[in-house]
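K.L.:
This is the structure, below, for whatever I ask next.
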Amino acid sequence: MGVTQSPRIVGLGAVSGYGWGVDRLWRGLLSGKSAGRAVEFGEFAGLAAMVPDGGNEEDSVTLFGRAFYGSGREALSDATARGWRPGSRVGLILCTSLGEVQGWRDLYFEHSGQVRRRHYLQLLPSTAPSMLMAEHGFNGPSMNV
C-alpha cells in the first residue's frame with residue numbers, strides 16, 4: 001500500500017468584490033471596509049459585493065467564467081511558487097456564491113434561450129472546473145461547493 005497524504009490547500013487565488021487577485025482581497029479585508037455596495041436589480045435594492053469586470057475574454061463569455069479561470073490560475077501559480085508540484089492525482093474544489101447567475105440571466109432575458117452550444121456549456125457548474133483540470137493535465141476529483 002502506498003503512502004497516503006491528507007488533502008491540503010497549496011495555493012490561493014481570488015476574485016472578489018475587492019477586485020482581482022489575492023492581494024486585493026487581503027488589502028480589502030484588512031481595510032475593515034465592506035466590499036458590499038448599494039445595488040438595484042429591478043425591484044430588489046440592497047447591498048452586494050460585485051466582482052469588477054476583468055479577466056481573459058477568450059476564457060469565457062461570462063464574468064464568472066473569467067473570474068474562475070483567473071483565480072484558478074493564480075492559485076496554481078501561487079502553489080508552484082511555494083514549491084508544489086502536481087502528483088498523479090490533483091483534485092479541485094470550487095467554492096463560490098451564485099456561480100453563473102449572470103450567464104443564466106443573459107441566456108433567458110437577452111438571448112431568449114438561444115445561444116451557441118459552446119456558450120451554453122460554459123454555464124454548467126461542472127464545465128469550468130473540468131476544463132481547468134484538463135488544461136493542466138490533472139486527474140482527480142472535482143466538485144463544486
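Please note that chains go A, B, ... in the order of the C-alpha cells, that every chain numbers its residues from 1, and that ligands are numbered from 1 in the order shown.
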Tell me, as a list in words, which residues lie within 12 Å of Gly137 (chain A), counting only C-alpha atoms; anything in the same chain fewer than 2 positions away does not count.

P.N.:
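Here the answer would be Pro86, Gly87, Ser88, Arg89, Val90, Gly91, Ser130, Met131, Leu132, Met133, Ala134, Glu135, Asn139 and Gly140 of chain A.
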
K.L.:
Can you tell me how far CA of Val22 (chain A) sits from CA of Trp104 (chain A), in Å to one decimal?

P.N.:
27.0 Å

K.L.:
Given the choices A:Leu12, A:Ser6, A:Gly55, A:Ser142, which gets closest to Ala79 (chain A) if the distance is worked out from only C-alpha atoms?

P.N.:
A:Leu12

K.L.:
For CA of Val145 (chain A) and CA of Cys95 (chain A), quote the distance in Å rounded to one decimal.

P.N.:
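Interatomic distance here is 4.8 Å.
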
K.L.:
What's around region 28-39 of chain A at 8 Å? Count only C-alpha atoms, leave out sequence neighbours fewer than 5 positions away in its own chain, and write the answer as a list in words.

P.N.:
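Skipping anything fewer than 5 positions along the chain leaves Gly17, Tyr18, Ala45, Gly46, Leu47, Ala48, Ala49 and Met50 of chain A.
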
K.L.:
Run DSSP on the backbone of this structure and report the residues of region 19-117 of chain A it assigns to strand (DSSP E or B), as a ChimeraX atom specification.

P.N.:
/A:19-20,37-41,44-48,92-94

K.L.:
Keeping only all heavy atoms, write those residues as a short mmCIF file (atom, residue, chain, number, x, y, z; two decimals), in the first residue's frame.

P.N.:
data_model
loop_
_atom_site.label_atom_id
_atom_site.label_comp_id
_atom_site.auth_asym_id
_atom_site.auth_seq_id
_atom_site.Cartn_x
_atom_site.Cartn_y
_atom_site.Cartn_z
N GLY A 19 -11.82 43.10 -5.82
CA GLY A 19 -11.07 43.14 -7.07
C GLY A 19 -10.48 41.79 -7.42
O GLY A 19 -10.80 40.77 -6.83
N TRP A 20 -9.59 41.82 -8.39
CA TRP A 20 -8.96 40.62 -8.93
C TRP A 20 -7.64 40.35 -8.22
O TRP A 20 -6.77 41.19 -8.22
CB TRP A 20 -8.74 40.78 -10.44
CG TRP A 20 -10.02 40.73 -11.20
CD1 TRP A 20 -11.01 41.67 -11.19
CD2 TRP A 20 -10.48 39.70 -12.04
NE1 TRP A 20 -12.05 41.29 -11.97
CE2 TRP A 20 -11.75 40.08 -12.52
CE3 TRP A 20 -9.93 38.50 -12.46
CZ2 TRP A 20 -12.48 39.28 -13.39
CZ3 TRP A 20 -10.67 37.71 -13.33
CH2 TRP A 20 -11.92 38.09 -13.79
N ARG A 37 -21.73 47.03 -1.92
CA ARG A 37 -22.15 48.33 -2.43
C ARG A 37 -23.66 48.31 -2.60
O ARG A 37 -24.26 47.26 -2.83
CB ARG A 37 -21.52 48.63 -3.79
CG ARG A 37 -20.00 48.52 -3.83
CD ARG A 37 -19.35 49.76 -3.19
NE ARG A 37 -17.89 49.67 -3.24
CZ ARG A 37 -17.13 49.29 -2.24
NH1 ARG A 37 -17.66 48.93 -1.09
NH2 ARG A 37 -15.82 49.27 -2.36
N ALA A 38 -24.27 49.49 -2.55
CA ALA A 38 -25.71 49.59 -2.79
C ALA A 38 -25.99 49.23 -4.25
O ALA A 38 -25.32 49.73 -5.16
CB ALA A 38 -26.19 51.00 -2.49
N VAL A 39 -26.92 48.32 -4.47
CA VAL A 39 -27.28 47.90 -5.82
C VAL A 39 -28.80 47.82 -5.96
O VAL A 39 -29.51 47.68 -4.98
CB VAL A 39 -26.67 46.53 -6.19
CG1 VAL A 39 -25.16 46.59 -6.25
CG2 VAL A 39 -27.12 45.46 -5.22
N GLU A 40 -29.25 47.92 -7.19
CA GLU A 40 -30.67 47.73 -7.51
C GLU A 40 -30.77 46.78 -8.68
O GLU A 40 -30.10 46.96 -9.69
CB GLU A 40 -31.32 49.06 -7.86
CG GLU A 40 -31.49 49.99 -6.68
CD GLU A 40 -32.26 51.24 -7.06
OE1 GLU A 40 -33.17 51.16 -7.91
OE2 GLU A 40 -31.93 52.29 -6.49
N PHE A 41 -31.59 45.75 -8.52
CA PHE A 41 -31.89 44.80 -9.59
C PHE A 41 -33.41 44.76 -9.71
O PHE A 41 -34.07 44.10 -8.92
CB PHE A 41 -31.38 43.40 -9.28
CG PHE A 41 -29.89 43.30 -9.17
CD1 PHE A 41 -29.27 43.16 -7.94
CD2 PHE A 41 -29.10 43.32 -10.30
CE1 PHE A 41 -27.90 43.04 -7.84
CE2 PHE A 41 -27.73 43.22 -10.21
CZ PHE A 41 -27.13 43.08 -8.98
N PHE A 44 -35.52 44.78 -6.48
CA PHE A 44 -34.64 44.48 -5.35
C PHE A 44 -33.63 45.61 -5.16
O PHE A 44 -33.01 46.06 -6.11
CB PHE A 44 -33.89 43.17 -5.57
CG PHE A 44 -32.81 42.92 -4.56
CD1 PHE A 44 -33.11 42.41 -3.32
CD2 PHE A 44 -31.49 43.23 -4.84
CE1 PHE A 44 -32.12 42.20 -2.37
CE2 PHE A 44 -30.48 43.02 -3.91
CZ PHE A 44 -30.80 42.51 -2.68
N ALA A 45 -33.49 46.04 -3.94
CA ALA A 45 -32.44 47.01 -3.59
C ALA A 45 -31.76 46.49 -2.33
O ALA A 45 -32.41 46.02 -1.41
CB ALA A 45 -33.03 48.39 -3.35
N GLY A 46 -30.45 46.55 -2.31
CA GLY A 46 -29.72 46.06 -1.14
C GLY A 46 -28.23 46.25 -1.32
O GLY A 46 -27.79 47.06 -2.13
N LEU A 47 -27.48 45.49 -0.53
CA LEU A 47 -26.03 45.52 -0.61
C LEU A 47 -25.55 44.23 -1.28
O LEU A 47 -26.07 43.16 -1.01
CB LEU A 47 -25.40 45.60 0.78
CG LEU A 47 -25.58 46.91 1.53
CD1 LEU A 47 -24.98 46.77 2.93
CD2 LEU A 47 -24.93 48.05 0.79
N ALA A 48 -24.56 44.37 -2.14
CA ALA A 48 -23.96 43.20 -2.78
C ALA A 48 -22.50 43.49 -3.07
O ALA A 48 -22.14 44.63 -3.37
CB ALA A 48 -24.70 42.86 -4.07
N LEU A 92 -9.84 19.35 -7.41
CA LEU A 92 -10.20 20.76 -7.44
C LEU A 92 -11.54 20.92 -6.74
O LEU A 92 -12.49 20.19 -7.02
CB LEU A 92 -10.31 21.23 -8.89
CG LEU A 92 -10.52 22.72 -9.10
CD1 LEU A 92 -9.88 23.14 -10.40
CD2 LEU A 92 -11.97 23.09 -9.08
N ILE A 93 -11.60 21.86 -5.81
CA ILE A 93 -12.85 22.20 -5.14
C ILE A 93 -13.16 23.65 -5.47
O ILE A 93 -12.36 24.54 -5.19
CB ILE A 93 -12.77 22.00 -3.62
CG1 ILE A 93 -12.45 20.55 -3.29
CG2 ILE A 93 -14.08 22.43 -2.97
CD1 ILE A 93 -12.20 20.30 -1.82
N LEU A 94 -14.29 23.89 -6.09
CA LEU A 94 -14.74 25.23 -6.44
C LEU A 94 -15.74 25.70 -5.39
O LEU A 94 -16.78 25.08 -5.21
CB LEU A 94 -15.38 25.24 -7.83
CG LEU A 94 -16.10 26.52 -8.25
CD1 LEU A 94 -15.14 27.70 -8.27
CD2 LEU A 94 -16.77 26.33 -9.59
#

K.L.:
Can you tell me, as a PDB file with all heavy atoms, in the first residue's frame, which residues in region 19-82 of chain A count as alpha helix (DSSP H) by DSSP?

P.N.:
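Final output, saved to result_15.pdb:
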ATOM      1  N   VAL A  22      -5.526  37.772  -4.953  1.00  0.00           N
ATOM      2  CA  VAL A  22      -5.455  37.561  -3.505  1.00  0.00           C
ATOM      3  C   VAL A  22      -4.982  38.823  -2.796  1.00  0.00           C
ATOM      4  O   VAL A  22      -5.488  39.167  -1.726  1.00  0.00           O
ATOM      5  CB  VAL A  22      -4.547  36.352  -3.172  1.00  0.00           C
ATOM      6  CG1 VAL A  22      -4.297  36.244  -1.687  1.00  0.00           C
ATOM      7  CG2 VAL A  22      -5.168  35.067  -3.695  1.00  0.00           C
ATOM      8  N   ASP A  23      -4.027  39.543  -3.391  1.00  0.00           N
ATOM      9  CA  ASP A  23      -3.536  40.773  -2.755  1.00  0.00           C
ATOM     10  C   ASP A  23      -4.662  41.778  -2.538  1.00  0.00           C
ATOM     11  O   ASP A  23      -4.753  42.378  -1.470  1.00  0.00           O
ATOM     12  CB  ASP A  23      -2.421  41.419  -3.589  1.00  0.00           C
ATOM     13  CG  ASP A  23      -1.113  40.643  -3.529  1.00  0.00           C
ATOM     14  OD1 ASP A  23      -0.941  39.837  -2.586  1.00  0.00           O
ATOM     15  OD2 ASP A  23      -0.278  40.824  -4.430  1.00  0.00           O
ATOM     16  N   ARG A  24      -5.517  41.950  -3.525  1.00  0.00           N
ATOM     17  CA  ARG A  24      -6.642  42.889  -3.373  1.00  0.00           C
ATOM     18  C   ARG A  24      -7.629  42.396  -2.316  1.00  0.00           C
ATOM     19  O   ARG A  24      -8.184  43.189  -1.573  1.00  0.00           O
ATOM     20  CB  ARG A  24      -7.345  43.102  -4.696  1.00  0.00           C
ATOM     21  CG  ARG A  24      -6.499  43.904  -5.643  1.00  0.00           C
ATOM     22  CD  ARG A  24      -7.339  44.712  -6.539  1.00  0.00           C
ATOM     23  NE  ARG A  24      -6.460  45.554  -7.341  1.00  0.00           N
ATOM     24  CZ  ARG A  24      -6.841  46.177  -8.412  1.00  0.00           C
ATOM     25  NH1 ARG A  24      -8.074  46.071  -8.827  1.00  0.00           N
ATOM     26  NH2 ARG A  24      -5.994  46.922  -9.080  1.00  0.00           N
ATOM     27  N   LEU A  25      -7.837  41.095  -2.261  1.00  0.00           N
ATOM     28  CA  LEU A  25      -8.727  40.536  -1.240  1.00  0.00           C
ATOM     29  C   LEU A  25      -8.179  40.829   0.149  1.00  0.00           C
ATOM     30  O   LEU A  25      -8.900  41.331   1.019  1.00  0.00           O
ATOM     31  CB  LEU A  25      -8.895  39.029  -1.436  1.00  0.00           C
ATOM     32  CG  LEU A  25      -9.677  38.305  -0.336  1.00  0.00           C
ATOM     33  CD1 LEU A  25     -11.096  38.824  -0.226  1.00  0.00           C
ATOM     34  CD2 LEU A  25      -9.654  36.801  -0.581  1.00  0.00           C
ATOM     35  N   TRP A  26      -6.892  40.525   0.379  1.00  0.00           N
ATOM     36  CA  TRP A  26      -6.304  40.757   1.703  1.00  0.00           C
ATOM     37  C   TRP A  26      -6.325  42.245   2.062  1.00  0.00           C
ATOM     38  O   TRP A  26      -6.663  42.611   3.188  1.00  0.00           O
ATOM     39  CB  TRP A  26      -4.868  40.233   1.777  1.00  0.00           C
ATOM     40  CG  TRP A  26      -4.792  38.733   1.841  1.00  0.00           C
ATOM     41  CD1 TRP A  26      -4.115  37.928   0.979  1.00  0.00           C
ATOM     42  CD2 TRP A  26      -5.416  37.856   2.798  1.00  0.00           C
ATOM     43  NE1 TRP A  26      -4.276  36.607   1.344  1.00  0.00           N
ATOM     44  CE2 TRP A  26      -5.073  36.536   2.452  1.00  0.00           C
ATOM     45  CE3 TRP A  26      -6.239  38.061   3.897  1.00  0.00           C
ATOM     46  CZ2 TRP A  26      -5.513  35.428   3.169  1.00  0.00           C
ATOM     47  CZ3 TRP A  26      -6.675  36.960   4.621  1.00  0.00           C
ATOM     48  CH2 TRP A  26      -6.301  35.674   4.245  1.00  0.00           C
ATOM     49  N   ARG A  27      -5.942  43.103   1.109  1.00  0.00           N
ATOM     50  CA  ARG A  27      -5.963  44.545   1.386  1.00  0.00           C
ATOM     51  C   ARG A  27      -7.370  45.008   1.736  1.00  0.00           C
ATOM     52  O   ARG A  27      -7.563  45.812   2.651  1.00  0.00           O
ATOM     53  CB  ARG A  27      -5.426  45.344   0.192  1.00  0.00           C
ATOM     54  CG  ARG A  27      -3.915  45.326   0.096  1.00  0.00           C
ATOM     55  CD  ARG A  27      -3.386  46.423  -0.833  1.00  0.00           C
ATOM     56  NE  ARG A  27      -4.003  46.427  -2.148  1.00  0.00           N
ATOM     57  CZ  ARG A  27      -3.456  45.901  -3.242  1.00  0.00           C
ATOM     58  NH1 ARG A  27      -2.277  45.322  -3.183  1.00  0.00           N
ATOM     59  NH2 ARG A  27      -4.083  45.964  -4.394  1.00  0.00           N
ATOM     60  N   GLY A  28      -8.346  44.501   1.016  1.00  0.00           N
ATOM     61  CA  GLY A  28      -9.736  44.862   1.297  1.00  0.00           C
ATOM     62  C   GLY A  28     -10.188  44.401   2.665  1.00  0.00           C
ATOM     63  O   GLY A  28     -10.807  45.152   3.417  1.00  0.00           O
ATOM     64  N   LEU A  29      -9.878  43.156   2.997  1.00  0.00           N
ATOM     65  CA  LEU A  29     -10.263  42.626   4.306  1.00  0.00           C
ATOM     66  C   LEU A  29      -9.582  43.392   5.435  1.00  0.00           C
ATOM     67  O   LEU A  29     -10.215  43.721   6.448  1.00  0.00           O
ATOM     68  CB  LEU A  29      -9.918  41.142   4.395  1.00  0.00           C
ATOM     69  CG  LEU A  29     -10.726  40.212   3.485  1.00  0.00           C
ATOM     70  CD1 LEU A  29     -10.136  38.805   3.511  1.00  0.00           C
ATOM     71  CD2 LEU A  29     -12.185  40.205   3.890  1.00  0.00           C
ATOM     72  N   LEU A  30      -8.292  43.686   5.259  1.00  0.00           N
ATOM     73  CA  LEU A  30      -7.556  44.402   6.296  1.00  0.00           C
ATOM     74  C   LEU A  30      -7.971  45.866   6.423  1.00  0.00           C
ATOM     75  O   LEU A  30      -7.758  46.485   7.462  1.00  0.00           O
ATOM     76  CB  LEU A  30      -6.050  44.310   6.044  1.00  0.00           C
ATOM     77  CG  LEU A  30      -5.464  42.903   6.215  1.00  0.00           C
ATOM     78  CD1 LEU A  30      -4.009  42.864   5.736  1.00  0.00           C
ATOM     79  CD2 LEU A  30      -5.584  42.435   7.653  1.00  0.00           C
ATOM     80  N   SER A  31      -8.592  46.404   5.394  1.00  0.00           N
ATOM     81  CA  SER A  31      -9.041  47.800   5.447  1.00  0.00           C
ATOM     82  C   SER A  31     -10.215  47.980   6.403  1.00  0.00           C
ATOM     83  O   SER A  31     -10.486  49.081   6.863  1.00  0.00           O
ATOM     84  CB  SER A  31      -9.450  48.289   4.053  1.00  0.00           C
ATOM     85  OG  SER A  31     -10.729  47.760   3.682  1.00  0.00           O
ATOM     86  N   LEU A  63     -18.532  36.739 -16.953  1.00  0.00           N
ATOM     87  CA  LEU A  63     -17.623  37.243 -15.927  1.00  0.00           C
ATOM     88  C   LEU A  63     -17.281  36.141 -14.926  1.00  0.00           C
ATOM     89  O   LEU A  63     -16.132  36.015 -14.502  1.00  0.00           O
ATOM     90  CB  LEU A  63     -18.249  38.446 -15.212  1.00  0.00           C
ATOM     91  CG  LEU A  63     -17.418  39.084 -14.113  1.00  0.00           C
ATOM     92  CD1 LEU A  63     -16.076  39.574 -14.650  1.00  0.00           C
ATOM     93  CD2 LEU A  63     -18.198  40.233 -13.479  1.00  0.00           C
ATOM     94  N   PHE A  64     -18.257  35.326 -14.558  1.00  0.00           N
ATOM     95  CA  PHE A  64     -17.996  34.231 -13.626  1.00  0.00           C
ATOM     96  C   PHE A  64     -16.924  33.294 -14.173  1.00  0.00           C
ATOM     97  O   PHE A  64     -15.983  32.920 -13.477  1.00  0.00           O
ATOM     98  CB  PHE A  64     -19.267  33.435 -13.330  1.00  0.00           C
ATOM     99  CG  PHE A  64     -19.004  32.209 -12.503  1.00  0.00           C
ATOM    100  CD1 PHE A  64     -18.845  32.302 -11.138  1.00  0.00           C
ATOM    101  CD2 PHE A  64     -18.885  30.970 -13.106  1.00  0.00           C
ATOM    102  CE1 PHE A  64     -18.579  31.181 -10.368  1.00  0.00           C
ATOM    103  CE2 PHE A  64     -18.619  29.837 -12.346  1.00  0.00           C
ATOM    104  CZ  PHE A  64     -18.474  29.947 -10.978  1.00  0.00           C
ATOM    105  N   GLY A  65     -17.055  32.903 -15.433  1.00  0.00           N
ATOM    106  CA  GLY A  65     -16.077  32.007 -16.044  1.00  0.00           C
ATOM    107  C   GLY A  65     -14.691  32.621 -16.070  1.00  0.00           C
ATOM    108  O   GLY A  65     -13.696  31.970 -15.740  1.00  0.00           O
ATOM    109  N   ARG A  66     -14.619  33.896 -16.442  1.00  0.00           N
ATOM    110  CA  ARG A  66     -13.311  34.571 -16.475  1.00  0.00           C
ATOM    111  C   ARG A  66     -12.723  34.666 -15.073  1.00  0.00           C
ATOM    112  O   ARG A  66     -11.519  34.475 -14.882  1.00  0.00           O
ATOM    113  CB  ARG A  66     -13.451  35.953 -17.109  1.00  0.00           C
ATOM    114  CG  ARG A  66     -13.802  35.879 -18.593  1.00  0.00           C
ATOM    115  CD  ARG A  66     -13.722  37.215 -19.291  1.00  0.00           C
ATOM    116  NE  ARG A  66     -14.508  38.285 -18.716  1.00  0.00           N
ATOM    117  CZ  ARG A  66     -15.772  38.551 -19.004  1.00  0.00           C
ATOM    118  NH1 ARG A  66     -16.426  37.791 -19.881  1.00  0.00           N
ATOM    119  NH2 ARG A  66     -16.399  39.566 -18.452  1.00  0.00           N
ATOM    120  N   ALA A  67     -13.572  34.930 -14.081  1.00  0.00           N
ATOM    121  CA  ALA A  67     -13.105  35.006 -12.687  1.00  0.00           C
ATOM    122  C   ALA A  67     -12.618  33.634 -12.209  1.00  0.00           C
ATOM    123  O   ALA A  67     -11.605  33.529 -11.517  1.00  0.00           O
ATOM    124  CB  ALA A  67     -14.212  35.525 -11.782  1.00  0.00           C
ATOM    125  N   PHE A  68     -13.334  32.586 -12.586  1.00  0.00           N
ATOM    126  CA  PHE A  68     -12.923  31.240 -12.189  1.00  0.00           C
ATOM    127  C   PHE A  68     -11.536  30.906 -12.738  1.00  0.00           C
ATOM    128  O   PHE A  68     -10.656  30.475 -12.001  1.00  0.00           O
ATOM    129  CB  PHE A  68     -13.930  30.185 -12.651  1.00  0.00           C
ATOM    130  CG  PHE A  68     -13.413  28.797 -12.454  1.00  0.00           C
ATOM    131  CD1 PHE A  68     -13.441  28.217 -11.204  1.00  0.00           C
ATOM    132  CD2 PHE A  68     -12.841  28.100 -13.496  1.00  0.00           C
ATOM    133  CE1 PHE A  68     -12.907  26.948 -10.990  1.00  0.00           C
ATOM    134  CE2 PHE A  68     -12.310  26.831 -13.307  1.00  0.00           C
ATOM    135  CZ  PHE A  68     -12.353  26.254 -12.052  1.00  0.00           C
ATOM    136  N   TYR A  69     -11.362  31.095 -14.042  1.00  0.00           N
ATOM    137  CA  TYR A  69     -10.061  30.770 -14.643  1.00  0.00           C
ATOM    138  C   TYR A  69      -8.964  31.670 -14.093  1.00  0.00           C
ATOM    139  O   TYR A  69      -7.854  31.208 -13.831  1.00  0.00           O
ATOM    140  CB  TYR A  69     -10.124  30.872 -16.167  1.00  0.00           C
ATOM    141  CG  TYR A  69     -10.916  29.755 -16.790  1.00  0.00           C
ATOM    142  CD1 TYR A  69     -12.177  29.979 -17.317  1.00  0.00           C
ATOM    143  CD2 TYR A  69     -10.401  28.465 -16.840  1.00  0.00           C
ATOM    144  CE1 TYR A  69     -12.911  28.947 -17.880  1.00  0.00           C
ATOM    145  CE2 TYR A  69     -11.130  27.428 -17.398  1.00  0.00           C
ATOM    146  CZ  TYR A  69     -12.388  27.673 -17.921  1.00  0.00           C
ATOM    147  OH  TYR A  69     -13.112  26.653 -18.461  1.00  0.00           O
ATOM    148  N   GLY A  70      -9.247  32.951 -13.905  1.00  0.00           N
ATOM    149  CA  GLY A  70      -8.251  33.867 -13.359  1.00  0.00           C
ATOM    150  C   GLY A  70      -7.807  33.473 -11.960  1.00  0.00           C
ATOM    151  O   GLY A  70      -6.614  33.404 -11.663  1.00  0.00           O
ATOM    152  N   SER A  71      -8.773  33.163 -11.096  1.00  0.00           N
ATOM    153  CA  SER A  71      -8.423  32.790  -9.722  1.00  0.00           C
ATOM    154  C   SER A  71      -7.794  31.398  -9.673  1.00  0.00           C
ATOM    155  O   SER A  71      -6.889  31.145  -8.878  1.00  0.00           O
ATOM    156  CB  SER A  71      -9.645  32.868  -8.805  1.00  0.00           C
ATOM    157  OG  SER A  71     -10.646  31.951  -9.222  1.00  0.00           O
ATOM    158  N   GLY A  72      -8.243  30.499 -10.540  1.00  0.00           N
ATOM    159  CA  GLY A  72      -7.648  29.156 -10.586  1.00  0.00           C
ATOM    160  C   GLY A  72      -6.194  29.196 -11.017  1.00  0.00           C
ATOM    161  O   GLY A  72      -5.336  28.541 -10.415  1.00  0.00           O
ATOM    162  N   ARG A  73      -5.913  29.975 -12.041  1.00  0.00           N
ATOM    163  CA  ARG A  73      -4.519  30.086 -12.493  1.00  0.00           C
ATOM    164  C   ARG A  73      -3.660  30.798 -11.460  1.00  0.00           C
ATOM    165  O   ARG A  73      -2.487  30.462 -11.279  1.00  0.00           O
ATOM    166  CB  ARG A  73      -4.486  30.801 -13.836  1.00  0.00           C
ATOM    167  CG  ARG A  73      -5.042  29.934 -14.954  1.00  0.00           C
ATOM    168  CD  ARG A  73      -4.978  30.628 -16.292  1.00  0.00           C
ATOM    169  NE  ARG A  73      -5.630  29.818 -17.299  1.00  0.00           N
ATOM    170  CZ  ARG A  73      -6.624  30.245 -18.082  1.00  0.00           C
ATOM    171  NH1 ARG A  73      -7.046  31.492 -17.999  1.00  0.00           N
ATOM    172  NH2 ARG A  73      -7.167  29.445 -18.967  1.00  0.00           N
ATOM    173  N   GLU A  74      -4.251  31.776 -10.755  1.00  0.00           N
ATOM    174  CA  GLU A  74      -3.499  32.447  -9.690  1.00  0.00           C
ATOM    175  C   GLU A  74      -3.165  31.451  -8.583  1.00  0.00           C
ATOM    176  O   GLU A  74      -2.044  31.448  -8.056  1.00  0.00           O
ATOM    177  CB  GLU A  74      -4.309  33.618  -9.118  1.00  0.00           C
ATOM    178  CG  GLU A  74      -3.566  34.361  -8.032  1.00  0.00           C
ATOM    179  CD  GLU A  74      -4.383  35.467  -7.379  1.00  0.00           C
ATOM    180  OE1 GLU A  74      -5.637  35.398  -7.377  1.00  0.00           O
ATOM    181  OE2 GLU A  74      -3.755  36.402  -6.867  1.00  0.00           O
ATOM    182  N   ALA A  75      -4.111  30.594  -8.218  1.00  0.00           N
ATOM    183  CA  ALA A  75      -3.867  29.586  -7.180  1.00  0.00           C
ATOM    184  C   ALA A  75      -2.770  28.612  -7.611  1.00  0.00           C
ATOM    185  O   ALA A  75      -1.899  28.250  -6.817  1.00  0.00           O
ATOM    186  CB  ALA A  75      -5.150  28.838  -6.855  1.00  0.00           C
ATOM    187  N   LEU A  76      -2.793  28.204  -8.870  1.00  0.00           N
ATOM    188  CA  LEU A  76      -1.759  27.293  -9.367  1.00  0.00           C
ATOM    189  C   LEU A  76      -0.394  27.966  -9.392  1.00  0.00           C
ATOM    190  O   LEU A  76       0.617  27.353  -9.027  1.00  0.00           O
ATOM    191  CB  LEU A  76      -2.126  26.790 -10.762  1.00  0.00           C
ATOM    192  CG  LEU A  76      -3.295  25.810 -10.795  1.00  0.00           C
ATOM    193  CD1 LEU A  76      -3.755  25.577 -12.223  1.00  0.00           C
ATOM    194  CD2 LEU A  76      -2.913  24.505 -10.116  1.00  0.00           C
ATOM    195  N   SER A  77      -0.349  29.215  -9.783  1.00  0.00           N
ATOM    196  CA  SER A  77       0.908  29.960  -9.785  1.00  0.00           C
ATOM    197  C   SER A  77       1.446  30.117  -8.365  1.00  0.00           C
ATOM    198  O   SER A  77       2.647  29.947  -8.120  1.00  0.00           O
ATOM    199  CB  SER A  77       0.689  31.329 -10.436  1.00  0.00           C
ATOM    200  OG  SER A  77       1.850  32.093 -10.403  1.00  0.00           O
ATOM    201  N   ASP A  78       0.551  30.409  -7.423  1.00  0.00           N
ATOM    202  CA  ASP A  78       0.935  30.549  -6.021  1.00  0.00           C
ATOM    203  C   ASP A  78       1.482  29.228  -5.486  1.00  0.00           C
ATOM    204  O   ASP A  78       2.530  29.191  -4.829  1.00  0.00           O
ATOM    205  CB  ASP A  78      -0.283  31.003  -5.205  1.00  0.00           C
ATOM    206  CG  ASP A  78       0.009  31.172  -3.729  1.00  0.00           C
ATOM    207  OD1 ASP A  78       1.071  31.743  -3.379  1.00  0.00           O
ATOM    208  OD2 ASP A  78      -0.835  30.742  -2.909  1.00  0.00           O
ATOM    209  N   ALA A  79       0.800  28.143  -5.794  1.00  0.00           N
ATOM    210  CA  ALA A  79       1.244  26.831  -5.319  1.00  0.00           C
ATOM    211  C   ALA A  79       2.616  26.471  -5.888  1.00  0.00           C
ATOM    212  O   ALA A  79       3.494  25.993  -5.169  1.00  0.00           O
ATOM    213  CB  ALA A  79       0.219  25.769  -5.700  1.00  0.00           C
ATOM    214  N   THR A  80       2.797  26.718  -7.180  1.00  0.00           N
ATOM    215  CA  THR A  80       4.077  26.419  -7.830  1.00  0.00           C
ATOM    216  C   THR A  80       5.202  27.259  -7.227  1.00  0.00           C
ATOM    217  O   THR A  80       6.297  26.757  -6.977  1.00  0.00           O
ATOM    218  CB  THR A  80       3.973  26.666  -9.345  1.00  0.00           C
ATOM    219  OG1 THR A  80       2.914  25.844  -9.861  1.00  0.00           O
ATOM    220  CG2 THR A  80       5.258  26.322 -10.056  1.00  0.00           C
ATOM    221  N   ALA A  81       4.916  28.536  -6.959  1.00  0.00           N
ATOM    222  CA  ALA A  81       5.917  29.417  -6.356  1.00  0.00           C
ATOM    223  C   ALA A  81       6.316  28.942  -4.956  1.00  0.00           C
ATOM    224  O   ALA A  81       7.427  29.197  -4.505  1.00  0.00           O
ATOM    225  CB  ALA A  81       5.391  30.845  -6.294  1.00  0.00           C
TER     226      ALA A  81
END

K.L.:
To one decimal place in Å, what is the distance between CA of Gly54 (chain A) and CA of Ala14 (chain A)?

P.N.:
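Atom-to-atom, CA of Gly54 (chain A) and CA of Ala14 (chain A) are spaced 12.6 Å apart.
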